[in-house]
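A.B. asks: Below is entry.pdb; it holds PDB, C-alpha atoms.
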ATOM      1  CA  LEU W   1      23.826 -42.532 112.847
ATOM      2  CA  TYR W   2      20.084 -43.232 112.824
ATOM      3  CA  TRP W   3      19.584 -40.275 110.484
ATOM      4  CA  LEU W   4      21.550 -41.969 107.704
ATOM      5  CA  PRO W   5      19.237 -44.921 106.963
ATOM      6  CA  GLN W   6      16.257 -42.723 107.837
ATOM      7  CA  SER W   7      17.228 -40.315 105.066
ATOM      8  CA  LEU W   8      17.047 -43.079 102.423
ATOM      9  CA  PRO W   9      13.387 -43.061 101.340
ATOM     10  CA  PHE W  10      13.524 -46.441  99.582
ATOM     11  CA  LEU W  11      14.111 -48.154 102.966
ATOM     12  CA  HIS W  12      10.710 -46.958 104.261
ATOM     13  CA  LEU W  13      12.232 -46.871 107.749
ATOM     14  CA  GLY W  14       9.596 -46.225 110.402
ATOM     15  CA  GLU W  15       6.749 -46.433 107.911
ATOM     16  CA  THR W  16       3.433 -47.669 109.287
ATOM     17  CA  ARG W  17       1.628 -50.135 107.050
ATOM     18  CA  TYR W  18      -1.376 -52.322 107.668
ATOM     19  CA  HIS W  19      -1.193 -55.939 106.538
ATOM     20  CA  PRO W  20      -4.101 -58.243 107.369
ATOM     21  CA  LEU W  21      -3.181 -61.390 109.255
ATOM     22  CA  GLN W  22      -3.187 -64.311 106.815
ATOM     23  CA  ALA W  23      -2.449 -67.172 109.191
ATOM     24  CA  ILE W  24      -1.410 -67.979 112.732
ATOM     25  CA  GLU W  25       1.553 -70.310 112.953
ATOM     26  CA  CYS W  26       3.292 -71.932 115.892
ATOM     27  CA  MET W  27       6.705 -70.655 116.890
ATOM     28  CA  ASP W  28       9.418 -73.217 116.261
ATOM     29  CA  GLN W  29      10.760 -75.081 119.304
ATOM     30  CA  ALA W  30      14.202 -73.427 119.300
ATOM     31  CA  LYS W  31      12.680 -69.944 119.534
ATOM     32  CA  LEU W  32      10.034 -71.093 121.982
ATOM     33  CA  ALA W  33      12.732 -72.531 124.281
ATOM     34  CA  VAL W  34      14.534 -69.177 124.625
ATOM     35  CA  LEU W  35      11.387 -67.017 124.761
ATOM     36  CA  PRO W  36      11.025 -66.935 128.592
ATOM     37  CA  ALA W  37      14.681 -65.927 129.040
ATOM     38  CA  ASN W  38      14.350 -63.218 126.385
ATOM     39  CA  ILE W  39      11.195 -61.830 128.000
ATOM     40  CA  ALA W  40      12.882 -61.793 131.415
ATOM     41  CA  ALA W  41      15.970 -60.050 129.999
ATOM     42  CA  TYR W  42      13.770 -57.461 128.283
ATOM     43  CA  LYS W  43      11.789 -56.782 131.464
ATOM     44  CA  ASN W  44      14.966 -56.492 133.529
ATOM     45  CA  THR W  45      16.628 -53.996 131.210
ATOM     46  CA  ALA W  46      17.254 -50.790 133.076
ATOM     47  CA  THR W  47      14.645 -48.074 132.630
ATOM     48  CA  LYS W  48      17.014 -45.253 133.552
ATOM     49  CA  ILE W  49      16.532 -43.400 130.248
ATOM     50  CA  GLN W  50      12.745 -43.618 130.620
ATOM     51  CA  GLN W  51      12.968 -42.233 134.132
ATOM     52  CA  THR W  52      15.279 -39.469 132.901
ATOM     53  CA  LEU W  53      12.846 -38.580 130.094
ATOM     54  CA  LYS W  54       9.984 -38.541 132.604
ATOM     55  CA  SER W  55      11.913 -36.205 134.922
ATOM     56  CA  MET W  56      12.895 -33.978 132.009
ATOM     57  CA  ILE W  57       9.264 -33.617 130.897
ATOM     58  CA  ARG W  58       8.161 -32.909 134.476
ATOM     59  CA  GLU W  59      10.848 -30.204 134.789
ATOM     60  CA  LEU W  60       9.741 -28.581 131.532
ATOM     61  CA  GLY W  61       6.348 -28.144 133.172
ATOM     62  CA  PRO W  62       2.846 -27.617 131.808
ATOM     63  CA  ALA W  63       3.852 -24.377 130.048
ATOM     64  CA  SER W  64       5.950 -26.457 127.632
ATOM     65  CA  GLY W  65       2.800 -27.959 126.126
ATOM     66  CA  VAL W  66       4.259 -31.467 126.454
ATOM     67  CA  ILE W  67       1.905 -34.105 127.894
ATOM     68  CA  ASP W  68       3.647 -37.145 129.360
ATOM     69  CA  LEU W  69       1.428 -40.013 128.151
ATOM     70  CA  PRO W  70       2.895 -42.776 130.351
ATOM     71  CA  SER W  71       2.286 -40.625 133.441
ATOM     72  CA  VAL W  72      -1.212 -39.574 132.387
ATOM     73  CA  CYS W  73      -2.102 -43.199 131.587
ATOM     74  CA  GLY W  74      -0.695 -44.497 134.898
ATOM     75  CA  ILE W  75       2.007 -46.703 133.388
ATOM     76  CA  PRO W  76       4.237 -48.017 136.207
ATOM     77  CA  GLU W  77       7.722 -46.494 136.150
ATOM     78  CA  ASN W  78       9.350 -49.929 136.067
ATOM     79  CA  ARG W  79       7.466 -50.975 132.908
ATOM     80  CA  ARG W  80       9.887 -50.817 129.995
ATOM     81  CA  LEU W  81       8.596 -48.950 126.958
ATOM     82  CA  LEU W  82       9.748 -49.423 123.372
ATOM     83  CA  ARG W  83       9.493 -45.631 122.861
ATOM     84  CA  TYR W  84       8.484 -42.777 125.174
ATOM     85  CA  PRO W  85       5.248 -41.190 123.888
ATOM     86  CA  VAL W  86       4.271 -37.577 124.484
ATOM     87  CA  LEU W  87       1.503 -35.385 123.103
ATOM     88  CA  VAL W  88       2.046 -31.834 121.886
ATOM     89  CA  ASN W  89       0.208 -29.565 119.478
ATOM     90  CA  ARG W  90       0.792 -30.398 115.832
ATOM     91  CA  SER W  91       3.003 -27.460 114.869
ATOM     92  CA  LEU W  92       5.217 -27.990 117.919
ATOM     93  CA  ARG W  93       5.351 -31.733 117.245
ATOM     94  CA  ASP W  94       6.481 -31.182 113.667
ATOM     95  CA  ARG W  95       9.150 -28.648 114.722
ATOM     96  CA  LEU W  96      10.422 -30.884 117.543
ATOM     97  CA  CYS W  97      10.509 -33.972 115.361
ATOM     98  CA  HIS W  98      12.346 -32.165 112.562
ATOM     99  CA  LYS W  99      14.977 -30.722 114.919
ATOM    100  CA  LEU W 100      15.453 -33.958 116.877
ATOM    101  CA  GLN W 101      15.739 -36.049 113.705
ATOM    102  CA  ASN W 102      18.264 -33.614 112.229
ATOM    103  CA  MET W 103      20.328 -34.056 115.393
ATOM    104  CA  GLY W 104      20.146 -37.845 114.996
ATOM    105  CA  LEU W 105      18.119 -38.285 118.179
ATOM    106  CA  GLY W 106      15.545 -40.712 116.741
ATOM    107  CA  ALA W 107      12.277 -38.917 117.462
ATOM    108  CA  SER W 108       9.254 -40.182 115.561
ATOM    109  CA  THR W 109       5.754 -38.957 114.796
ATOM    110  CA  MET W 110       4.769 -42.627 114.893
ATOM    111  CA  TYR W 111       1.761 -42.477 112.543
ATOM    112  CA  PRO W 112       1.675 -40.529 109.264
ATOM    113  CA  ALA W 113      -2.115 -40.332 109.669
ATOM    114  CA  ALA W 114      -4.853 -41.707 111.887
ATOM    115  CA  LEU W 115      -4.873 -45.500 111.812
ATOM    116  CA  SER W 116      -8.304 -45.318 110.184
ATOM    117  CA  ASP W 117      -6.718 -43.503 107.204
ATOM    118  CA  LEU W 118      -4.021 -46.085 106.488
ATOM    119  CA  PRO W 119      -4.407 -48.091 103.265
ATOM    120  CA  GLY W 120      -6.240 -51.365 103.811
ATOM    121  CA  MET W 121      -8.218 -50.223 106.848
ATOM    122  CA  GLU W 122     -11.382 -49.199 104.987
ATOM    123  CA  ALA W 123     -12.477 -52.845 104.679
ATOM    124  CA  ILE W 124     -12.226 -53.335 108.431
ATOM    125  CA  LEU W 125     -14.021 -50.124 109.393
ATOM    126  CA  SER W 126     -17.292 -51.058 107.651
ATOM    127  CA  GLY W 127     -18.002 -47.711 106.073
ATOM    128  CA  GLN W 128     -17.222 -45.525 109.071
ATOM    129  CA  THR W 129     -15.349 -42.460 107.866
ATOM    130  CA  SER W 130     -14.990 -40.010 110.740
ATOM    131  CA  PHE W 131     -12.588 -40.628 113.604
ATOM    132  CA  PRO W 132     -11.792 -37.169 115.027
ATOM    133  CA  ALA W 133     -10.115 -38.464 118.198
ATOM    134  CA  ALA W 134      -7.855 -40.802 116.198
ATOM    135  CA  GLU W 135      -6.991 -37.959 113.831
ATOM    136  CA  ALA W 136      -6.194 -35.577 116.709
ATOM    137  CA  PHE W 137      -4.043 -38.232 118.373
ATOM    138  CA  ALA W 138      -2.103 -38.993 115.168
ATOM    139  CA  GLU W 139      -1.462 -35.263 114.656
ATOM    140  CA  ARG W 140      -0.118 -34.759 118.183
ATOM    141  CA  ILE W 141       1.911 -37.847 119.127
ATOM    142  CA  LEU W 142       5.690 -37.678 119.277
ATOM    143  CA  THR W 143       7.763 -40.597 120.504
ATOM    144  CA  LEU W 144      11.242 -40.374 121.955
ATOM    145  CA  PRO W 145      13.818 -43.169 121.839
ATOM    146  CA  THR W 146      14.422 -45.405 124.865
ATOM    147  CA  HIS W 147      16.734 -48.037 123.349
ATOM    148  CA  THR W 148      19.997 -49.067 124.973
ATOM    149  CA  HIS W 149      22.117 -46.679 122.897
ATOM    150  CA  VAL W 150      20.347 -43.564 124.222
ATOM    151  CA  ARG W 151      22.581 -41.763 126.715
ATOM    152  CA  ILE W 152      21.950 -39.080 129.316
ATOM    153  CA  LYS W 153      23.638 -36.554 127.017
ATOM    154  CA  ASP W 154      21.017 -37.415 124.365
ATOM    155  CA  VAL W 155      18.232 -36.669 126.845
ATOM    156  CA  GLU W 156      19.972 -33.370 127.631
ATOM    157  CA  SER W 157      19.953 -32.553 123.911
ATOM    158  CA  ILE W 158      16.252 -33.444 123.742
ATOM    159  CA  ARG W 159      15.632 -31.190 126.757
ATOM    160  CA  GLN W 160      17.444 -28.314 125.057
ATOM    161  CA  VAL W 161      15.398 -28.665 121.880
ATOM    162  CA  MET W 162      12.108 -28.978 123.783
ATOM    163  CA  SER W 163      12.799 -25.997 126.004
ATOM    164  CA  THR W 164      13.689 -23.720 123.076
ATOM    165  CA  SER W 165      11.044 -24.813 120.551
ATOM    166  CA  ARG W 166       7.882 -23.584 122.237
TER     167      ARG W 166
END
Go ahead and express the file in the form of structure tokens.
C.D. replies:
Amino acid sequence: LYWLPQSLPFLHLGETRYHPLQAIECMDQAKLAVLPANIAAYKNTATKIQQTLKSMIRELGPASGVIDLPSVCGIPENRRLLRYPVLVNRSLRDRLCHKLQNMGLGASTMYPAALSDLPGMEAILSGQTSFPAAEAFAERILTLPTHTHVRIKDVESIRQVMSTSR
């Protein structure tokens, strides 16, 4: 049902915004006490969906135009990712994202623009205006869900969409 709240524009779900850090504060003791256990639980969460996504992308092959970023970047297979990032050309990315979102599969383009183009960043960038690599990256990135509610049948649906959308 991810599509339902995502379709309500006033929620700004998945929107990327820059907010400068105003202050650094200590975490309260109750949260600090459970932090190590929460980190361990997060790290120990099964990465089966990630491994299935990785295998699916490998099976699609280079002709699919899908670049497996975790593999290219040498991310260990046992490292849990919040989302599974891939690169594709922009028109394919937009088609894939539209189809996957309409199916309720939680794909995301991650950034609406290069990070350098987000409101509030101009003050940090000291007058620099051209970031072609950042722009190309923002136009090509697609992230796939890896949360605990993603099932093998969801990955099969993603595979079907990716194999027919070239």
A.B. asks: Given only C-alpha atoms as the basis, pick out the residue of W:Asp94, W:Asp28, W:Glu122, W:Glu77 nearest to Met110 (chain W).
C.D. replies: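 Counting only C-alpha atoms, the residue closest to Met110 (chain W) is W:Asp94.
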A.B. asks: At most 12 Å from (16.2, -29.5, 119.0), file frame, all atoms listed in the file: which residues, as an MDAnalysis selection string?
C.D. replies: chainID W and resid 92:107 154:166
A.B. asks: Report, in Å with one decimal, the straight-line distance from CA of Leu144 (chain W) to CA of Cys73 (chain W).
C.D. replies: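 Separating CA of Leu144 (chain W) from CA of Cys73 (chain W) is a distance of 16.7 Å.
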A.B. asks: On this file, the PyMOL selection byres ((chain W and resi 57) around 8) gives some set of residues; write that set as JSON, numbers by chain.
C.D. replies: {"W": [53, 54, 55, 56, 58, 59, 60, 61, 66, 67, 68, 159]}
A.B. asks: Please determine, counting all atoms listed in the file, which residue among W:Leu118, W:Ala63, W:Leu125, W:Ala41 has the shortest atom-to-atom distance to Val88 (chain W).
C.D. replies: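 Using all atoms listed in the file, the shortest distance to Val88 (chain W) belongs to W:Ala63.
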A.B. asks: Could you give me, as a CSV table (one decimal) with C-alpha atoms, in the frame of the given file, the residues that have an atom at most 8 Å away from the point (0.4, -40.0, 117.0) in the coordinates of the file, using only C-alpha atoms?
C.D. replies:
chain,number,residue,atom,x,y,z
W,87,LEU,CA,1.5,-35.4,123.1
W,109,THR,CA,5.8,-39.0,114.8
W,110,MET,CA,4.8,-42.6,114.9
W,111,TYR,CA,1.8,-42.5,112.5
W,112,PRO,CA,1.7,-40.5,109.3
W,113,ALA,CA,-2.1,-40.3,109.7
W,114,ALA,CA,-4.9,-41.7,111.9
W,136,ALA,CA,-6.2,-35.6,116.7
W,137,PHE,CA,-4.0,-38.2,118.4
W,138,ALA,CA,-2.1,-39.0,115.2
W,139,GLU,CA,-1.5,-35.3,114.7
W,140,ARG,CA,-0.1,-34.8,118.2
W,141,ILE,CA,1.9,-37.8,119.1
W,142,LEU,CA,5.7,-37.7,119.3
A.B. asks: Determine the nearest neighbour of Thr146 (chain W) from the options W:Ile124, W:Asn78, W:Ser130, W:Ile49, counting only C-alpha atoms.
C.D. replies: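 Comparing W:Ile124, W:Asn78, W:Ser130, W:Ile49 against Thr146 (chain W), the winner is W:Ile49.
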A.B. asks: So, with all atoms listed in the file as the atoms that count, which of W:Ile152, W:Thr52, W:Tyr42, W:Leu8 lies closest to Leu82 (chain W)?
C.D. replies: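 Checking each of W:Ile152, W:Thr52, W:Tyr42, W:Leu8 against Leu82 (chain W), counting all atoms listed in the file, the winner is W:Tyr42.
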A.B. asks: What separation in Å, quoted to one decimal, exists between CA of Val72 (chain W) and CA of Thr148 (chain W)?
C.D. replies: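 Atom-to-atom, CA of Val72 (chain W) to CA of Thr148 (chain W), that is 24.4 Å.
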A.B. asks: Interatomic distance between CA of Phe131 (chain W) and CA of Pro145 (chain W)?
C.D. replies: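 Atom-to-atom, CA of Phe131 (chain W) and CA of Pro145 (chain W) are spaced 27.8 Å apart.
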A.B. asks: Which of these residues is nearest to Arg80 (chain W), using only C-alpha atoms: W:Leu115, W:His147, W:Asn38, W:Met121?
C.D. replies: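 Of W:Leu115, W:His147, W:Asn38, W:Met121, the one nearest Arg80 (chain W) is W:His147, counting only C-alpha atoms.
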A.B. asks: N, CA, C and O atoms for region 148-164 of chain W, written as an mmCIF file, in the coordinates of the input, could you do that?
C.D. replies:
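Output contents, as saved in selection.cif:
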data_model
loop_
_atom_site.group_PDB
_atom_site.id
_atom_site.type_symbol
_atom_site.label_atom_id
_atom_site.label_comp_id
_atom_site.auth_asym_id
_atom_site.auth_seq_id
_atom_site.Cartn_x
_atom_site.Cartn_y
_atom_site.Cartn_z
ATOM 1 N N THR W 148 18.791 -48.985 124.142
ATOM 2 C CA THR W 148 19.997 -49.067 124.973
ATOM 3 C C THR W 148 21.121 -48.132 124.557
ATOM 4 O O THR W 148 22.045 -47.900 125.325
ATOM 5 N N HIS W 149 21.053 -47.582 123.343
ATOM 6 C CA HIS W 149 22.117 -46.679 122.897
ATOM 7 C C HIS W 149 21.826 -45.215 123.234
ATOM 8 O O HIS W 149 22.654 -44.351 122.954
ATOM 9 N N VAL W 150 20.660 -44.938 123.815
ATOM 10 C CA VAL W 150 20.347 -43.564 124.222
ATOM 11 C C VAL W 150 21.105 -43.277 125.516
ATOM 12 O O VAL W 150 21.078 -44.078 126.453
ATOM 13 N N ARG W 151 21.776 -42.157 125.559
ATOM 14 C CA ARG W 151 22.581 -41.763 126.715
ATOM 15 C C ARG W 151 21.967 -40.533 127.379
ATOM 16 O O ARG W 151 21.137 -39.836 126.791
ATOM 17 N N ILE W 152 22.421 -40.250 128.580
ATOM 18 C CA ILE W 152 21.950 -39.080 129.316
ATOM 19 C C ILE W 152 22.218 -37.813 128.514
ATOM 20 O O ILE W 152 21.386 -36.909 128.472
ATOM 21 N N LYS W 153 23.342 -37.748 127.828
ATOM 22 C CA LYS W 153 23.638 -36.554 127.017
ATOM 23 C C LYS W 153 22.629 -36.389 125.890
ATOM 24 O O LYS W 153 22.315 -35.272 125.483
ATOM 25 N N ASP W 154 22.063 -37.497 125.385
ATOM 26 C CA ASP W 154 21.017 -37.415 124.365
ATOM 27 C C ASP W 154 19.747 -36.813 124.959
ATOM 28 O O ASP W 154 19.086 -35.985 124.328
ATOM 29 N N VAL W 155 19.413 -37.227 126.167
ATOM 30 C CA VAL W 155 18.232 -36.669 126.845
ATOM 31 C C VAL W 155 18.453 -35.182 127.105
ATOM 32 O O VAL W 155 17.531 -34.375 126.959
ATOM 33 N N GLU W 156 19.672 -34.797 127.438
ATOM 34 C CA GLU W 156 19.972 -33.370 127.631
ATOM 35 C C GLU W 156 19.778 -32.597 126.326
ATOM 36 O O GLU W 156 19.266 -31.474 126.334
ATOM 37 N N SER W 157 20.173 -33.194 125.212
ATOM 38 C CA SER W 157 19.953 -32.553 123.911
ATOM 39 C C SER W 157 18.465 -32.436 123.608
ATOM 40 O O SER W 157 17.999 -31.412 123.097
ATOM 41 N N ILE W 158 17.701 -33.477 123.923
ATOM 42 C CA ILE W 158 16.252 -33.444 123.742
ATOM 43 C C ILE W 158 15.647 -32.337 124.603
ATOM 44 O O ILE W 158 14.797 -31.570 124.144
ATOM 45 N N ARG W 159 16.110 -32.231 125.854
ATOM 46 C CA ARG W 159 15.632 -31.190 126.757
ATOM 47 C C ARG W 159 15.894 -29.802 126.159
ATOM 48 O O ARG W 159 15.033 -28.924 126.175
ATOM 49 N N GLN W 160 17.082 -29.617 125.635
ATOM 50 C CA GLN W 160 17.444 -28.314 125.057
ATOM 51 C C GLN W 160 16.519 -27.964 123.904
ATOM 52 O O GLN W 160 16.002 -26.836 123.821
ATOM 53 N N VAL W 161 16.285 -28.898 123.024
ATOM 54 C CA VAL W 161 15.398 -28.665 121.880
ATOM 55 C C VAL W 161 13.973 -28.380 122.359
ATOM 56 O O VAL W 161 13.324 -27.432 121.896
ATOM 57 N N MET W 162 13.485 -29.167 123.308
ATOM 58 C CA MET W 162 12.108 -28.978 123.783
ATOM 59 C C MET W 162 11.933 -27.649 124.526
ATOM 60 O O MET W 162 10.877 -27.044 124.447
ATOM 61 N N SER W 163 12.941 -27.238 125.228
ATOM 62 C CA SER W 163 12.799 -25.997 126.004
ATOM 63 C C SER W 163 12.940 -24.745 125.139
ATOM 64 O O SER W 163 12.489 -23.674 125.525
ATOM 65 N N THR W 164 13.513 -24.889 123.947
ATOM 66 C CA THR W 164 13.689 -23.720 123.076
ATOM 67 C C THR W 164 12.756 -23.699 121.882
ATOM 68 O O THR W 164 12.801 -22.775 121.082
#
